Amino acid sequence: MQSLKYCSLLITFFVLSLAGLFFFLRPPTKPLRVLAVGDSLTAGFLHGGSQFSPYTRVLETYYGPRGVAIDNWGRSGATIAQIRSVLESGLENATAREYGFVVLLAGTNDLGMGSSRDAMVGGLEAMYELALGKAEHLVVLTIPDAAFGGERYLERRKEVNEWIKGFAEEHARVSCVDLETEIQYGHVIGKEMFDDGLHFSEKGYWKMGELVYEAMRKAQKT
């Protein structure tokens, strides 16, 4: 009886030792690579540019420091054409599907400059196709609400945002976060989300990050 007990202890010790050895020898899990591309709303522009609070910090918080590796290519004041240039040069040497996710937001500055719907859509489509060649999944964001905008401005924003949502619906590897609907300046609570009527407050950027995170997690489950 004593010998059986002793053998049982030896077997248990052996199994636990093997488990511990496997744990230490297993290859480290690679973090999820995420590329965030856009204008000042991606950079997290806050308080006139004296501070930055990018939405990507939410992804770092939720995935954990070892769970995600993020490149934030937000450029304040950038137009669709300029963001496309940043994306092209930055991804020139990237391998196919190098990123798990590319998150793209562009168009606010183009609207302010009076760009046409067709010009904006053409630039966005070129960027989206480029990103899809370098990522497993693309998350596109609609142009968000703001405290200003005449009739023509609002009409063009609606037209471009409808196209963005339609692009996502037509592509299996694309998800859309409808910022225009989710964070509205006109709502009482919505005004707390804005810093200057165009850029988000810290609370707004955090909400933006949560929306992106939810879209990414949903895509990972499909």
# chains A, B, ... in the order shown; residues from 1 in each chain; ligands from 1
$ select_by_dssp --residues "segment 6-198 of chain A" --states "strand (DSSP E)" --output "ChimeraX atom specification"
/A:32-38,45-46,51-52,68-74,99-105,135-141,174-177
$ residues_around --residues "segment 68-85 of chain A" --least-positions-apart "6" --cutoff "6 Å" --atoms "only C-alpha atoms" --output "number ranges by chain"
A: 31-40, 42-43, 106-107, 109-110, 127
$ write_last_selection --atoms "all heavy atoms" --output "tab-separated table (two decimals), in the first residue's frame"
chain	number	residue	atom	x	y	z
A	31	PRO	N	1.96	39.07	-30.13
A	31	PRO	CA	0.88	40.04	-29.91
A	31	PRO	C	0.14	40.34	-31.21
A	31	PRO	O	0.70	40.21	-32.30
A	31	PRO	CB	1.61	41.27	-29.38
A	31	PRO	CG	2.99	41.16	-29.96
A	31	PRO	CD	3.29	39.69	-29.98
A	32	LEU	N	-1.10	40.73	-31.09
A	32	LEU	CA	-1.90	41.14	-32.24
A	32	LEU	C	-1.35	42.46	-32.76
A	32	LEU	O	-1.25	43.44	-32.02
A	32	LEU	CB	-3.36	41.31	-31.81
A	32	LEU	CG	-4.32	41.87	-32.86
A	32	LEU	CD1	-4.50	40.89	-34.01
A	32	LEU	CD2	-5.67	42.19	-32.22
A	33	ARG	N	-1.01	42.51	-34.03
A	33	ARG	CA	-0.47	43.75	-34.62
A	33	ARG	C	-1.61	44.58	-35.18
A	33	ARG	O	-2.43	44.10	-35.97
A	33	ARG	CB	0.55	43.45	-35.71
A	33	ARG	CG	1.84	42.83	-35.18
A	33	ARG	CD	2.97	43.05	-36.16
A	33	ARG	NE	3.30	44.47	-36.28
A	33	ARG	CZ	4.10	44.96	-37.23
A	33	ARG	NH1	4.60	44.17	-38.16
A	33	ARG	NH2	4.38	46.25	-37.28
A	34	VAL	N	-1.66	45.84	-34.77
A	34	VAL	CA	-2.73	46.75	-35.18
A	34	VAL	C	-2.10	48.03	-35.72
A	34	VAL	O	-1.19	48.59	-35.12
A	34	VAL	CB	-3.65	47.09	-34.00
A	34	VAL	CG1	-4.72	48.10	-34.43
A	34	VAL	CG2	-4.31	45.84	-33.44
A	35	LEU	N	-2.61	48.49	-36.86
A	35	LEU	CA	-2.18	49.74	-37.45
A	35	LEU	C	-3.36	50.71	-37.49
A	35	LEU	O	-4.40	50.41	-38.09
A	35	LEU	CB	-1.66	49.53	-38.87
A	35	LEU	CG	-1.33	50.79	-39.68
A	35	LEU	CD1	-0.26	51.61	-38.99
A	35	LEU	CD2	-0.90	50.41	-41.09
A	36	ALA	N	-3.23	51.84	-36.81
A	36	ALA	CA	-4.27	52.88	-36.82
A	36	ALA	C	-3.79	54.02	-37.71
A	36	ALA	O	-2.73	54.59	-37.49
A	36	ALA	CB	-4.52	53.38	-35.40
A	37	VAL	N	-4.59	54.36	-38.72
A	37	VAL	CA	-4.20	55.37	-39.69
A	37	VAL	C	-5.29	56.43	-39.80
A	37	VAL	O	-6.48	56.10	-39.83
A	37	VAL	CB	-3.96	54.74	-41.08
A	37	VAL	CG1	-3.30	55.74	-42.01
A	37	VAL	CG2	-3.12	53.49	-40.97
A	38	GLY	N	-4.89	57.70	-39.88
A	38	GLY	CA	-5.89	58.74	-40.02
A	38	GLY	C	-5.34	60.13	-39.77
A	38	GLY	O	-4.13	60.37	-39.87
A	39	ASP	N	-6.24	61.03	-39.41
A	39	ASP	CA	-5.88	62.42	-39.18
A	39	ASP	C	-5.75	62.70	-37.68
A	39	ASP	O	-5.36	61.82	-36.90
A	39	ASP	CB	-6.91	63.35	-39.83
A	39	ASP	CG	-8.34	62.97	-39.46
A	39	ASP	OD1	-8.57	62.48	-38.34
A	39	ASP	OD2	-9.25	63.17	-40.30
A	40	SER	N	-6.08	63.92	-37.25
A	40	SER	CA	-5.93	64.29	-35.84
A	40	SER	C	-6.83	63.49	-34.92
A	40	SER	O	-6.52	63.32	-33.73
A	40	SER	CB	-6.22	65.79	-35.67
A	40	SER	OG	-7.51	66.12	-36.18
A	42	THR	N	-7.33	60.35	-35.14
A	42	THR	CA	-6.58	59.12	-34.85
A	42	THR	C	-5.40	59.43	-33.93
A	42	THR	O	-5.07	58.64	-33.04
A	42	THR	CB	-6.07	58.49	-36.17
A	42	THR	OG1	-7.20	58.05	-36.94
A	42	THR	CG2	-5.16	57.29	-35.89
A	43	ALA	N	-4.80	60.59	-34.12
A	43	ALA	CA	-3.67	61.00	-33.26
A	43	ALA	C	-4.13	61.29	-31.83
A	43	ALA	O	-3.34	61.23	-30.89
A	43	ALA	CB	-2.99	62.22	-33.85
A	106	ALA	N	-10.65	58.73	-42.19
A	106	ALA	CA	-10.20	59.87	-42.99
A	106	ALA	C	-11.41	60.57	-43.60
A	106	ALA	O	-12.46	59.95	-43.78
A	106	ALA	CB	-9.25	59.40	-44.10
A	107	GLY	N	-11.24	61.85	-43.91
A	107	GLY	CA	-12.29	62.57	-44.62
A	107	GLY	C	-12.75	63.88	-43.99
A	107	GLY	O	-13.30	64.73	-44.67
A	109	ASN	N	-11.08	66.49	-42.88
A	109	ASN	CA	-10.40	67.67	-43.43
A	109	ASN	C	-10.79	67.90	-44.89
A	109	ASN	O	-10.86	69.05	-45.35
A	109	ASN	CB	-8.89	67.52	-43.29
A	109	ASN	CG	-8.47	67.53	-41.83
A	109	ASN	OD1	-8.82	68.43	-41.07
A	109	ASN	ND2	-7.72	66.53	-41.42
A	110	ASP	N	-11.05	66.83	-45.62
A	110	ASP	CA	-11.48	66.97	-47.01
A	110	ASP	C	-12.84	67.64	-47.09
A	110	ASP	O	-13.08	68.49	-47.97
A	110	ASP	CB	-11.55	65.59	-47.67
A	110	ASP	CG	-10.19	64.92	-47.72
A	110	ASP	OD1	-9.78	64.35	-46.70
A	110	ASP	OD2	-9.54	64.98	-48.77
A	127	MET	N	-7.24	53.49	-50.59
A	127	MET	CA	-6.63	53.20	-49.29
A	127	MET	C	-7.13	51.88	-48.72
A	127	MET	O	-6.38	51.08	-48.18
A	127	MET	CB	-6.92	54.32	-48.29
A	127	MET	CG	-5.98	55.49	-48.38
A	127	MET	SD	-6.01	56.50	-46.88
A	127	MET	CE	-7.69	57.10	-46.91
$ residues_around --residues "Leu179 of chain A" --least-positions-apart "5" --cutoff "7 Å" --atoms "only C-alpha atoms" --output "list in words"
Leu141, Thr142, Ile143 and Pro144 of chain A
$ residues_around --residues "Glu136 of chain A" --least-positions-apart "2" --cutoff "9 Å" --atoms "only C-alpha atoms" --output "ChimeraX atom specification"
/A:96-102,132-134,138,173
$ residues_around --residues "segment 115-118 of chain A" --least-positions-apart "4" --cutoff "8 Å" --atoms "only C-alpha atoms" --output "list in words"
Asp110, Leu111, Gly122, Arg156, Glu159 and Val160 of chain A
$ closest_residue --among "A:Gln51, A:Asp145, A:Leu198, A:Arg152" --to "Glu180 of chain A" --atoms "only C-alpha atoms"
A:Asp145
$ closest_residue --among "A:Gly90, A:Gly49, A:Gly204, A:Gly123" --to "Glu192 of chain A" --atoms "only C-alpha atoms"
A:Gly204
$ atom_distance --atom1 "atom CA of Asp196 of chain A" --atom2 "atom CA of Ala168 of chain A"
29.7 Å
$ closest_residue --among "A:Val177, A:Leu46, A:Met113, A:Ala135" --to "Glu210 of chain A" --atoms "only C-alpha atoms"
A:Val177
$ select_by_dssp --residues "segment 20-203 of chain A" --states "alpha helix (DSSP H)" --output "PyMOL selection string"
chain A and resi 20-25+40-43+56-63+80-90+108-112+117-132+151-170+179-182+188-191+202-203
$ closest_residue --among "A:Cys176, A:Leu105, A:Met120, A:Ala219" --to "Tyr55 of chain A" --atoms "only C-alpha atoms"
A:Leu105
$ residues_around --residues "Val212 of chain A" --least-positions-apart "4" --cutoff "8 Å" --atoms "only C-alpha atoms" --output "JSON, numbers by chain"
{"A": [139, 177, 208, 216]}
$ residues_around --residues "Gly197 of chain A" --least-positions-apart "4" --cutoff "9 Å" --atoms "only C-alpha atoms" --output "list of chain:residue names"
A:Asp145, A:Ala146, A:Ala147, A:Phe148, A:Tyr185, A:Lys191
$ write_last_selection --atoms "N, CA and C atoms" --output "mmCIF file, in the first residue's frame"
data_model
loop_
_atom_site.group_PDB
_atom_site.id
_atom_site.type_symbol
_atom_site.label_atom_id
_atom_site.label_comp_id
_atom_site.auth_asym_id
_atom_site.auth_seq_id
_atom_site.Cartn_x
_atom_site.Cartn_y
_atom_site.Cartn_z
ATOM 1 N N ASP A 145 -19.596 63.256 -36.468
ATOM 2 C CA ASP A 145 -20.384 64.476 -36.336
ATOM 3 C C ASP A 145 -19.484 65.617 -35.855
ATOM 4 N N ALA A 146 -19.972 66.837 -35.975
ATOM 5 C CA ALA A 146 -19.237 68.014 -35.508
ATOM 6 C C ALA A 146 -20.233 69.102 -35.135
ATOM 7 N N ALA A 147 -19.736 70.158 -34.522
ATOM 8 C CA ALA A 147 -20.615 71.236 -34.061
ATOM 9 C C ALA A 147 -20.992 72.196 -35.174
ATOM 10 N N PHE A 148 -20.419 72.017 -36.340
ATOM 11 C CA PHE A 148 -20.646 72.954 -37.437
ATOM 12 C C PHE A 148 -20.927 72.183 -38.722
ATOM 13 N N TYR A 185 -22.794 65.126 -31.735
ATOM 14 C CA TYR A 185 -22.609 66.365 -30.989
ATOM 15 C C TYR A 185 -23.929 66.923 -30.492
ATOM 16 N N LYS A 191 -22.235 66.109 -26.277
ATOM 17 C CA LYS A 191 -21.376 67.277 -26.138
ATOM 18 C C LYS A 191 -20.240 67.034 -25.155
#
